[in-house]
Each structure stands twice: as structure tokens, then as C-alpha cells.
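A.B. asks: Here you go, one structure.
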Amino acid sequence: MARTSVKELLGLDPKLQEIEIDGWVKTFRSNRFIALNDGSTLNNIQCVVNFEDFDENIIKSISSGAAIKVKGTLVESQGRGQSVEIQVTDLFIHGTADPETYPIQPKKHSFEFLREKAHLRVRTNTFAAVMRLRSALAYAVHTYFQKNGFYYMHAPIITGSDAEGAGEMFRVTTLDPKNPPLNDEGEVNYKEDFFGKETNLTVSGQLEAEAYAMGLGKVYTFGPTFRAENSNTSRHLAEFWMIEPEMAFYDLDDNMDLAEDFIKDVLQYILDNCQDDLKFLEQRLLDEEKVKPQAERSAMALIEKLKFVVDNNFKRVSYTEAIEILKNSKPNKKKKFEYPINEWGTDLQSEHERFLVEKHFKCPVILFDYPAKIKAFYMRLNEDGKTVRAMDVLFPGIGEIVGGSQREERLEVLKQKMTELSIEEEELWWYLDLRKFGTAVHSGFGLGFERLVQFATGMGNIRDVIPFPRTPQNAAF
Ligand code: 4AD
Ligand code: MG
């Protein structure tokens, strides 16, 4: 018998066909109705059991979380809310789930509780919906780039360079931590380490993607990146997935156009293909908001918010304009910002980004031309000598979702910048080579995949959109 999924069954015409299905029991009511789910869809299939027909022990084994096989006849459903159901003729228990100890009971669990049960939480409706959407978004990302002439490039995970120059890297070593070899100066001698030099987990695949863009034209990476920044926020992970397109011959405007088109495209994909899960998450948010005071409720429901982003132009604003807006803003004047904005040149905090997006412009914003001092070494210097061709895409509820720039393609200017920041030329000799041989205008950006999933699902905490989150003091599972 062909294996079918619940999703397929729910779409079938009931013609008294004999079917067989495996899944986990969501609920078992009145010793008669099993709601069965196999992960293929949010919806359960109802299996109707005549308990007199079965061994008492089998009936006793059916409880929330148990894995079972059901054989039976697909019939039109008598109940509401479903078109078909299964009249069960045969039952097989794959594995029971003791109700005394199985943590995922059919009731509301807090996300904090479920984080402690990260290996089981995908069996809840919310996490299953989030993870199906995550998968759909990943598919949409690949589809977007593949259909637009980009090549998927696998950047290395272990690297010898700090792409962002922020020094937030996890060391990779095989040296004995108790007794590492020392050099003449008494420091750890990494020449004796596995790679013969200091290595770390990558914070970004950008530098390597640049090398590939200068041969393949348009490339993108989509892989794990690592940051040892000690930020315990709802938007930071120590291990997260980043998508980094890099394009030869693109300037900053082309880069902004691409970022906007890309985000809209992947959101449109889930609007077109994931309505069940989106509707479920939207309702979850609406229920959650009911208990909040009116002022804290969001103006738009989830699907409306996604459509709004897809249908409206992102507002493009220079850093300098943004600083003027922020300086003169109510919260700044009333000293409501934790970090007041007094002068040009200060870095923007998430409170400022969110003010611009949520209060001032009320739409996604792309900020560009940031002060050179607060951005990475590789960004192209503008003619004014103090700003760089950087861009950040800011989203409601999220803040920065994309960071990117036009890259410095001029060898001398790049060298000068590296000298100022004490970045050794020997360390990035190959990166400088790209400016020596066939250099050209080029640009790219990085999109934090979990922040995108957060936006798409309305989940408040980034820990709840990645299967097994890694954050400071937490690498369980
Ligand atoms: O702005 P970032 O640091 O930019 C880069 O790494 C560039 N090399 C990208 C490029 O131009 N190719 O990071 C890019 C994005 C951020 O906008 C954010 O969405 C996400 O990565 N991000 C994080 N997401 C989760 N946890 C963290 N700790 C993150 N740090 C950055
Ligand atoms: Mg950034």
C-alpha cells in the first residue's frame, strides 16, 4: 500500500478507499476519536475507533504523543471542521507516551517551558508551524537566487580571518587547553595547532563570497555563522544562518533593489504556499494580544503585515537624514531613548531603528551612507571621505534584518583603511589580490535568516525560530 501523509489524505475525495497512515496522537477523546498528526500539515485527521473491537491494552496505549499506525476506510466526516475521517479497522502501536511523564500535553505550554524541551517542542502546533515555515522560506531563498542567475557558493565554516573585524569569534583548536605549547614570548603557539595558525568559526562568508563573485558574477551563500557576542536579546543567537548574496558590477542602489525584491519574493512565496500555518500563527498572536492593553497591540494582523511589506516600497533614507529625524523626535526630546541622539556619527541602537520603522515611517526602511567609523573596513568610502556605501534594512518588530554595502574595490583606499584599523595585510593578502586583478564595483548583503523567520511567523523570541538555539550559557541538546 502506498504511504500517504495526513496532508494528502485530507485533500482526497472519500470513496471508501482503504488507507493506512502513521502518526502521533494529538488527542484521544471518549475512547473513540483520535486526532492524528504526522507533521505534514497543521491539520489532524480524525480516526474513529470502535473500542469494543480492540484489545483493552491497545486502547489504553493510545494517549497524546503515542506513535501509531492506523488502517481503515476513508469516509466523509460526520464531524465539523473536516471533510474526511478514517473508520479504523486496524491499530498498531509503534511507541507509547506515558501521560504521567510525557511533557507535551494537549494544553498551552509557555515558550520558556518548551525551550527546556527543545527536542519535543516541534510536536506542538506552534513549533511545527514555525518550522514548516522556516523550511518553506529556505526553499524560497534558494529558488529566488537560482531563478535569478545566482550560483550557490559554500563559504568555509572554519576561517583564519575576522570578516567583520568585531573580534566576536569562537576559536577552533585541537591544542590541549591545560597544557598548550608556548612560543618564546610565553604565548600559546598556534603554529603547532591543527591548521598551523589561529582559526575561528566564521562570522560571515562575505569575504570568500566576494572572491567567487569576481569569477562567477553573482553568488550567494546560505549557511551557519557564529558570533560570540554576549548579547542576551530576543534577536541574537551565537549560531545563526545567514544568506549572503554578492554581485560583481552592482552598486549600492542595485544592492538595495535586490534586497527589497528578494525579501518581498520570499514573503510572497509563503503567502502563496503556507496559508494554514500562517493563519494558525496569526490567530495565536491575536489570542496573545487580547490580554494586552490596547496601546500595545499591533495595528496589523500577521498576514496583513506580510502583505503590507510585499505591496509597499521600502523607504530609503540616508543615515544623515535619519539622525535629523531622530534628534528632533519626541522620545529623544523627552529623554525616552536609553541612548539619546545628540550628534552625527553615533551608532543607531535598536530603539532608534524601531522608532524610525514603527513610529515615524511606518514601513520597512533602508538606511544608507553610514559614517565610516561605525561600519566594517570593507565598505566603499564615499566622496565626502566620512561616510561609506553601507545599507541596513530595518523591519518592524525586528530592527535590522539585513546589513550590506558596496565594497571598497580600490586597492589603495582599502589598504589605507586596513592600516587605520590595524588589520594586517598578510592576513588578508588574498582579499587584497581581488583588488589587484580585475577589480570592479561590487556589492552584497547579509540577511539573518532567523530574523526573517521571526518576522514571517510573528515569533517574539529568536530562540523559538531555530530548532536548537545556541545562546550565552546555553548549548543544551
Ligand atoms: O550586519 P552584519 O553583521 O553583516 C555582515 O555580516 C556582512 N558580512 C553581510 C554582508 O554584507 N555580506 O550581519 C548581517 C545580518 C544582520 O542584519 C542580522 O539580520 C543578522 O545577520 N545577524 C544576526 N542574527 C542573529 N543573531 C546574531 N547574533 C546576528 N548578528 C547578525
Ligand atoms: Mg549589521
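Just so we're on the same page: first chain in the C-alpha cells is A, next is B, and so on; residues restart at 1 for each chain, and ligands are numbered from 1 in the order they show up.
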List every residue of stretch 157-280 of chain A that DSSP, applied to the backbone of this structure, places in strand (DSSP E or B), and write the result as a ChimeraX atom specification.

C.D. replies: /A:158-159,171-172,182,188,199-201,218-226,239-248

A.B. asks: Export, as a compact mmCIF listing (two decimals), in the first residue's frame, the selected residues with N, CA, C and O atoms.

C.D. replies:
```txt
# COMPACT_ATOMS: atom_id res chain seq x y z
N ILE A 158 35.25 27.18 8.93
CA ILE A 158 36.45 27.45 9.73
C ILE A 158 37.27 28.48 8.95
O ILE A 158 37.53 28.28 7.76
N THR A 159 37.62 29.56 9.58
CA THR A 159 38.36 30.58 8.84
C THR A 159 39.51 31.16 9.66
O THR A 159 39.54 31.05 10.89
N ARG A 171 36.98 30.35 18.91
CA ARG A 171 38.24 29.73 18.46
C ARG A 171 38.03 28.26 18.13
O ARG A 171 37.29 27.56 18.80
N VAL A 172 38.72 27.84 17.09
CA VAL A 172 38.74 26.42 16.72
C VAL A 172 40.16 25.92 16.94
O VAL A 172 41.10 26.44 16.35
N LEU A 182 53.84 26.64 24.08
CA LEU A 182 54.06 28.10 24.17
C LEU A 182 55.22 28.50 23.24
O LEU A 182 56.11 27.69 22.97
N VAL A 188 50.52 31.20 23.68
CA VAL A 188 50.15 29.95 23.01
C VAL A 188 50.69 29.94 21.58
O VAL A 188 50.53 30.92 20.84
N THR A 199 42.66 29.80 14.18
CA THR A 199 41.46 29.72 13.35
C THR A 199 40.21 29.86 14.22
O THR A 199 40.23 29.62 15.43
N ASN A 200 39.13 30.25 13.56
CA ASN A 200 37.87 30.51 14.26
C ASN A 200 36.70 30.03 13.42
O ASN A 200 36.86 29.73 12.24
N LEU A 201 35.53 30.00 14.05
CA LEU A 201 34.30 29.76 13.29
C LEU A 201 33.93 31.07 12.61
O LEU A 201 34.05 32.14 13.19
N LYS A 218 27.48 36.42 -10.01
CA LYS A 218 26.52 36.56 -8.92
C LYS A 218 26.48 35.26 -8.12
O LYS A 218 26.20 34.21 -8.67
N VAL A 219 26.77 35.37 -6.84
CA VAL A 219 26.75 34.18 -5.98
C VAL A 219 25.96 34.48 -4.71
O VAL A 219 25.66 35.64 -4.42
N TYR A 220 25.59 33.43 -4.00
CA TYR A 220 25.02 33.63 -2.66
C TYR A 220 25.47 32.48 -1.77
O TYR A 220 25.70 31.37 -2.24
N THR A 221 25.62 32.79 -0.51
CA THR A 221 25.89 31.75 0.49
C THR A 221 24.62 31.58 1.32
O THR A 221 23.78 32.49 1.38
N PHE A 222 24.46 30.45 1.92
CA PHE A 222 23.35 30.24 2.85
C PHE A 222 23.86 29.18 3.82
O PHE A 222 23.81 27.99 3.52
N GLY A 223 24.38 29.63 4.93
CA GLY A 223 24.98 28.66 5.85
C GLY A 223 25.07 29.21 7.25
O GLY A 223 24.70 30.36 7.52
N PRO A 224 25.54 28.37 8.18
CA PRO A 224 25.63 28.81 9.57
C PRO A 224 26.78 29.79 9.79
O PRO A 224 27.84 29.66 9.16
N THR A 225 26.55 30.76 10.63
CA THR A 225 27.59 31.70 11.03
C THR A 225 27.55 31.81 12.55
O THR A 225 26.55 31.48 13.18
N PHE A 226 28.64 32.28 13.12
CA PHE A 226 28.82 32.17 14.57
C PHE A 226 29.31 33.49 15.15
O PHE A 226 30.24 34.08 14.62
N GLU A 239 24.78 31.09 17.19
CA GLU A 239 24.86 30.35 15.93
C GLU A 239 23.60 30.68 15.15
O GLU A 239 22.49 30.44 15.63
N PHE A 240 23.76 31.29 14.00
CA PHE A 240 22.59 31.62 13.20
C PHE A 240 22.91 31.39 11.72
O PHE A 240 24.07 31.22 11.36
N TRP A 241 21.88 31.38 10.91
CA TRP A 241 22.06 31.12 9.48
C TRP A 241 21.98 32.43 8.72
O TRP A 241 21.09 33.25 8.98
N MET A 242 22.93 32.63 7.85
CA MET A 242 22.93 33.88 7.11
C MET A 242 22.92 33.59 5.60
O MET A 242 23.50 32.63 5.14
N ILE A 243 22.22 34.47 4.89
CA ILE A 243 22.17 34.40 3.43
C ILE A 243 22.96 35.60 2.93
O ILE A 243 22.63 36.75 3.28
N GLU A 244 23.99 35.36 2.15
CA GLU A 244 24.84 36.47 1.70
C GLU A 244 25.03 36.45 0.18
O GLU A 244 25.91 35.76 -0.32
N PRO A 245 24.20 37.22 -0.53
CA PRO A 245 24.45 37.37 -1.96
C PRO A 245 25.59 38.36 -2.19
O PRO A 245 25.79 39.29 -1.40
N GLU A 246 26.35 38.12 -3.24
CA GLU A 246 27.46 39.03 -3.58
C GLU A 246 27.48 39.15 -5.10
O GLU A 246 27.47 38.13 -5.80
N MET A 247 27.48 40.39 -5.61
CA MET A 247 27.31 40.59 -7.04
C MET A 247 28.37 41.51 -7.62
O MET A 247 28.54 42.64 -7.18
N ALA A 248 29.07 41.00 -8.64
CA ALA A 248 30.00 41.85 -9.37
C ALA A 248 29.21 42.88 -10.17
O ALA A 248 28.09 42.60 -10.63
```

A.B. asks: Chain A near ligand 1 within 7 Å: what's each residue's closest atom pair and its distance in Å to one decimal, counting only C-alpha atoms and all ligand atoms, ordered by chain then ascending residue number, as a Markdown table?

C.D. replies:
```
| residue | atom | partner | partner_atom_place_in_ligand_line | distance |
| --- | --- | --- | --- | --- |
| A:Ala163 | CA | ligand 1 | 8 (N) | 6.5 |
| A:Glu164 | CA | ligand 1 | 8 (N) | 6.1 |
| A:Val203 | CA | ligand 1 | 6 (O) | 6.5 |
| A:Ser204 | CA | ligand 1 | 6 (O) | 4.9 |
| A:Gly205 | CA | ligand 1 | 8 (N) | 6.8 |
| A:Gln206 | CA | ligand 1 | 12 (N) | 4.5 |
| A:Arg227 | CA | ligand 1 | 28 (N) | 5.7 |
| A:Glu229 | CA | ligand 1 | 28 (N) | 6.8 |
| A:Arg235 | CA | ligand 1 | 25 (C) | 5.8 |
| A:His236 | CA | ligand 1 | 26 (N) | 3.5 |
| A:Leu237 | CA | ligand 1 | 26 (N) | 3.9 |
| A:Ala238 | CA | ligand 1 | 28 (N) | 5.5 |
| A:Glu239 | CA | ligand 1 | 26 (N) | 6.9 |
| A:Phe240 | CA | ligand 1 | 25 (C) | 5.4 |
| A:Met242 | CA | ligand 1 | 21 (O) | 5.9 |
| A:Glu244 | CA | ligand 1 | 12 (N) | 4.7 |
| A:Pro245 | CA | ligand 1 | 12 (N) | 6.6 |
| A:Glu246 | CA | ligand 1 | 12 (N) | 6.9 |
| A:Asp392 | CA | ligand 1 | 17 (O) | 6.8 |
| A:Glu400 | CA | ligand 1 | 17 (O) | 5.0 |
| A:Ile401 | CA | ligand 1 | 19 (O) | 3.7 |
| A:Val402 | CA | ligand 1 | 17 (O) | 3.6 |
| A:Gly403 | CA | ligand 1 | 1 (O) | 3.8 |
| A:Gly404 | CA | ligand 1 | 11 (O) | 3.7 |
| A:Ser405 | CA | ligand 1 | 11 (O) | 5.8 |
| A:Gly444 | CA | ligand 1 | 11 (O) | 5.1 |
| A:Phe445 | CA | ligand 1 | 11 (O) | 3.5 |
| A:Gly446 | CA | ligand 1 | 9 (C) | 3.6 |
| A:Leu447 | CA | ligand 1 | 15 (C) | 4.6 |
| A:Gly448 | CA | ligand 1 | 19 (O) | 3.4 |
| A:Phe449 | CA | ligand 1 | 19 (O) | 6.9 |
| A:Glu450 | CA | ligand 1 | 25 (C) | 6.3 |
| A:Arg451 | CA | ligand 1 | 19 (O) | 5.7 |
```

A.B. asks: Neighbours of stretch 288-299 of chain A within 12 Å (only C-alpha atoms; same-chain residues fewer than 3 positions away dropped), as a PyMOL selection string?

C.D. replies: chain A and resi 108+110+281-285+302-305+308+358-359+362+396-397+458-460

A.B. asks: Which residues are close to A:Lys330, i.e. within 12 Å by only C-alpha atoms, leaving aside same-chain residues fewer than 2 positions away? Reply as a PyMOL selection string.

C.D. replies: chain A and resi 325-328+332-337+340-341+352+355-356+359-360

A.B. asks: Just want the 12 Å neighbourhood of A:Ala376, counted on only C-alpha atoms, with same-chain residues fewer than 6 positions away dropped. Output as a tab-separated table (two decimals) with N, CA and C atoms, in the first residue's frame.

C.D. replies:
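Saved result, part_5.tsv, follows:
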```tsv
chain	number	residue	atom	x	y	z
A	162	ASP	N	38.79	37.51	10.40
A	162	ASP	CA	37.62	38.06	11.08
A	162	ASP	C	36.94	39.02	10.11
A	163	ALA	N	35.94	38.52	9.38
A	163	ALA	CA	35.33	39.29	8.29
A	163	ALA	C	34.76	40.62	8.77
A	164	GLU	N	34.15	40.63	9.94
A	164	GLU	CA	33.50	41.85	10.41
A	164	GLU	C	34.44	42.69	11.27
A	165	GLY	N	35.60	42.14	11.59
A	165	GLY	CA	36.57	42.89	12.39
A	165	GLY	C	36.05	43.25	13.76
A	166	ALA	N	35.05	42.49	14.24
A	166	ALA	CA	34.45	42.84	15.53
A	166	ALA	C	35.01	42.00	16.67
A	167	GLY	N	35.86	41.02	16.31
A	167	GLY	CA	36.51	40.23	17.35
A	167	GLY	C	35.56	39.40	18.19
A	206	GLN	N	31.19	36.48	3.72
A	206	GLN	CA	31.26	37.54	2.72
A	206	GLN	C	32.59	37.61	1.95
A	207	LEU	N	33.69	37.59	2.70
A	207	LEU	CA	34.98	37.82	2.02
A	207	LEU	C	35.23	36.75	0.97
A	370	TYR	N	26.26	55.34	5.88
A	370	TYR	CA	26.56	55.46	7.31
A	370	TYR	C	27.95	56.07	7.52
A	387	THR	N	31.63	59.11	4.99
A	387	THR	CA	30.58	58.08	5.01
A	387	THR	C	30.95	56.95	4.05
A	388	VAL	N	30.34	55.80	4.31
A	388	VAL	CA	30.57	54.65	3.44
A	388	VAL	C	29.25	54.17	2.84
A	389	ARG	N	29.39	53.46	1.73
A	389	ARG	CA	28.22	52.97	1.00
A	389	ARG	C	27.63	51.73	1.68
A	390	ALA	N	27.16	51.95	2.89
A	390	ALA	CA	26.54	50.87	3.66
A	390	ALA	C	25.04	50.97	3.55
A	391	MET	N	24.36	49.87	3.77
A	391	MET	CA	22.91	49.92	3.86
A	391	MET	C	22.43	48.88	4.88
A	403	GLY	N	22.11	43.61	6.61
A	403	GLY	CA	23.23	44.56	6.62
A	403	GLY	C	24.05	44.32	5.37
A	404	GLY	N	24.38	45.37	4.65
A	404	GLY	CA	25.17	45.15	3.44
A	404	GLY	C	25.88	46.41	3.00
A	405	SER	N	26.54	46.34	1.85
A	405	SER	CA	27.26	47.52	1.36
A	405	SER	C	27.77	47.31	-0.05
A	406	GLN	N	28.15	48.43	-0.66
A	406	GLN	CA	29.03	48.35	-1.82
A	406	GLN	C	30.42	48.19	-1.24
A	407	ARG	N	31.25	47.37	-1.87
A	407	ARG	CA	32.57	47.06	-1.30
A	407	ARG	C	33.62	48.02	-1.83
A	408	GLU	N	34.65	48.25	-1.03
A	408	GLU	CA	35.78	49.08	-1.49
A	408	GLU	C	36.56	48.29	-2.52
A	414	LEU	N	41.52	50.74	0.17
A	414	LEU	CA	41.29	49.61	1.08
A	414	LEU	C	42.50	49.40	2.00
A	417	LYS	N	42.60	51.97	4.69
A	417	LYS	CA	41.60	51.68	5.71
A	417	LYS	C	42.09	50.59	6.66
A	418	MET	N	42.71	49.56	6.08
A	418	MET	CA	43.20	48.46	6.91
A	418	MET	C	44.32	48.93	7.82
A	421	LEU	N	42.91	50.65	10.79
A	421	LEU	CA	42.27	49.76	11.75
A	421	LEU	C	43.19	48.65	12.24
A	423	ILE	N	44.57	46.25	10.62
A	423	ILE	CA	44.32	44.91	10.08
A	423	ILE	C	45.52	44.53	9.23
```

A.B. asks: Tell me, which residues of stretch 400-448 of chain A carry DSSP helix (DSSP H, G or I), written as a ChimeraX atom specification?

C.D. replies: /A:411-420,429-436

A.B. asks: For the residues selected in the previous step, produce a file with N, CA, C and O atoms as a PDB file, in the first residue's frame.

C.D. replies:
```pdb
ATOM      1  N   LEU A 411      42.266  49.374  -4.472  1.00  0.00           N
ATOM      2  CA  LEU A 411      43.323  48.773  -3.661  1.00  0.00           C
ATOM      3  C   LEU A 411      43.901  49.749  -2.636  1.00  0.00           C
ATOM      4  O   LEU A 411      43.995  49.433  -1.454  1.00  0.00           O
ATOM      5  N   GLU A 412      44.270  50.945  -3.104  1.00  0.00           N
ATOM      6  CA  GLU A 412      44.957  51.867  -2.207  1.00  0.00           C
ATOM      7  C   GLU A 412      44.051  52.338  -1.074  1.00  0.00           C
ATOM      8  O   GLU A 412      44.472  52.440   0.072  1.00  0.00           O
ATOM      9  N   VAL A 413      42.796  52.608  -1.418  1.00  0.00           N
ATOM     10  CA  VAL A 413      41.859  53.073  -0.392  1.00  0.00           C
ATOM     11  C   VAL A 413      41.624  51.970   0.652  1.00  0.00           C
ATOM     12  O   VAL A 413      41.593  52.213   1.849  1.00  0.00           O
ATOM     13  N   LEU A 414      41.522  50.741   0.172  1.00  0.00           N
ATOM     14  CA  LEU A 414      41.292  49.613   1.084  1.00  0.00           C
ATOM     15  C   LEU A 414      42.497  49.402   2.003  1.00  0.00           C
ATOM     16  O   LEU A 414      42.358  49.219   3.218  1.00  0.00           O
ATOM     17  N   LYS A 415      43.696  49.480   1.410  1.00  0.00           N
ATOM     18  CA  LYS A 415      44.922  49.295   2.197  1.00  0.00           C
ATOM     19  C   LYS A 415      45.014  50.356   3.300  1.00  0.00           C
ATOM     20  O   LYS A 415      45.345  50.066   4.451  1.00  0.00           O
ATOM     21  N   GLN A 416      44.709  51.595   2.888  1.00  0.00           N
ATOM     22  CA  GLN A 416      44.747  52.724   3.817  1.00  0.00           C
ATOM     23  C   GLN A 416      43.806  52.456   5.003  1.00  0.00           C
ATOM     24  O   GLN A 416      44.164  52.615   6.173  1.00  0.00           O
ATOM     25  N   LYS A 417      42.603  51.969   4.687  1.00  0.00           N
ATOM     26  CA  LYS A 417      41.602  51.685   5.708  1.00  0.00           C
ATOM     27  C   LYS A 417      42.086  50.589   6.659  1.00  0.00           C
ATOM     28  O   LYS A 417      41.934  50.677   7.881  1.00  0.00           O
ATOM     29  N   MET A 418      42.707  49.564   6.079  1.00  0.00           N
ATOM     30  CA  MET A 418      43.196  48.464   6.908  1.00  0.00           C
ATOM     31  C   MET A 418      44.323  48.932   7.816  1.00  0.00           C
ATOM     32  O   MET A 418      44.396  48.523   8.979  1.00  0.00           O
ATOM     33  N   THR A 419      45.154  49.795   7.306  1.00  0.00           N
ATOM     34  CA  THR A 419      46.229  50.340   8.144  1.00  0.00           C
ATOM     35  C   THR A 419      45.634  51.092   9.330  1.00  0.00           C
ATOM     36  O   THR A 419      46.038  50.898  10.477  1.00  0.00           O
ATOM     37  N   GLU A 420      44.638  51.943   9.029  1.00  0.00           N
ATOM     38  CA  GLU A 420      43.995  52.712  10.107  1.00  0.00           C
ATOM     39  C   GLU A 420      43.437  51.805  11.192  1.00  0.00           C
ATOM     40  O   GLU A 420      43.467  52.133  12.367  1.00  0.00           O
ATOM     41  N   TRP A 429      45.869  39.009   2.489  1.00  0.00           N
ATOM     42  CA  TRP A 429      46.577  39.210   1.212  1.00  0.00           C
ATOM     43  C   TRP A 429      45.724  38.787   0.022  1.00  0.00           C
ATOM     44  O   TRP A 429      45.684  39.448  -1.010  1.00  0.00           O
ATOM     45  N   TRP A 430      45.004  37.694   0.212  1.00  0.00           N
ATOM     46  CA  TRP A 430      44.200  37.164  -0.903  1.00  0.00           C
ATOM     47  C   TRP A 430      43.027  38.090  -1.207  1.00  0.00           C
ATOM     48  O   TRP A 430      42.621  38.239  -2.355  1.00  0.00           O
ATOM     49  N   TYR A 431      42.503  38.729  -0.158  1.00  0.00           N
ATOM     50  CA  TYR A 431      41.386  39.663  -0.333  1.00  0.00           C
ATOM     51  C   TYR A 431      41.864  40.907  -1.080  1.00  0.00           C
ATOM     52  O   TYR A 431      41.159  41.453  -1.930  1.00  0.00           O
ATOM     53  N   LEU A 432      43.100  41.305  -0.783  1.00  0.00           N
ATOM     54  CA  LEU A 432      43.687  42.447  -1.497  1.00  0.00           C
ATOM     55  C   LEU A 432      43.972  42.079  -2.961  1.00  0.00           C
ATOM     56  O   LEU A 432      43.838  42.915  -3.852  1.00  0.00           O
ATOM     57  N   ASP A 433      44.351  40.827  -3.186  1.00  0.00           N
ATOM     58  CA  ASP A 433      44.582  40.354  -4.564  1.00  0.00           C
ATOM     59  C   ASP A 433      43.368  40.616  -5.453  1.00  0.00           C
ATOM     60  O   ASP A 433      43.512  40.906  -6.645  1.00  0.00           O
ATOM     61  N   LEU A 434      42.178  40.480  -4.869  1.00  0.00           N
ATOM     62  CA  LEU A 434      40.953  40.688  -5.663  1.00  0.00           C
ATOM     63  C   LEU A 434      40.904  42.112  -6.209  1.00  0.00           C
ATOM     64  O   LEU A 434      40.246  42.373  -7.217  1.00  0.00           O
ATOM     65  N   ARG A 435      41.574  43.035  -5.510  1.00  0.00           N
ATOM     66  CA  ARG A 435      41.628  44.436  -5.961  1.00  0.00           C
ATOM     67  C   ARG A 435      42.797  44.680  -6.904  1.00  0.00           C
ATOM     68  O   ARG A 435      42.907  45.747  -7.514  1.00  0.00           O
ATOM     69  N   LYS A 436      43.692  43.698  -6.993  1.00  0.00           N
ATOM     70  CA  LYS A 436      44.851  43.858  -7.883  1.00  0.00           C
ATOM     71  C   LYS A 436      44.556  43.306  -9.260  1.00  0.00           C
ATOM     72  O   LYS A 436      45.107  43.748 -10.252  1.00  0.00           O
TER      73      LYS A 436
END
```

A.B. asks: Could you tell me which of A:Arg354, A:Lys7, A:His109, A:Arg134 comes closest to A:Val465 if we count only C-alpha atoms?

C.D. replies: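 Looking only at the distances to A:Val465, the closest residue turns out to be A:Arg134.
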
A.B. asks: Figure out the distance between atom CA of A:Thr41 and atom CA of A:Thr73, please, to one decimal in Å.

C.D. replies: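 Spanning atom CA of A:Thr73 to atom CA of A:Thr41 is a straight-line distance of 20.4 Å.
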
A.B. asks: Counting only C-alpha atoms and all ligand atoms, which of A:Leu428, A:Ile374, A:Ala440, A:Ile45 gets nearest to ligand 2?

C.D. replies: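 Of all the options, A:Ile374 lies closest to ligand 2.
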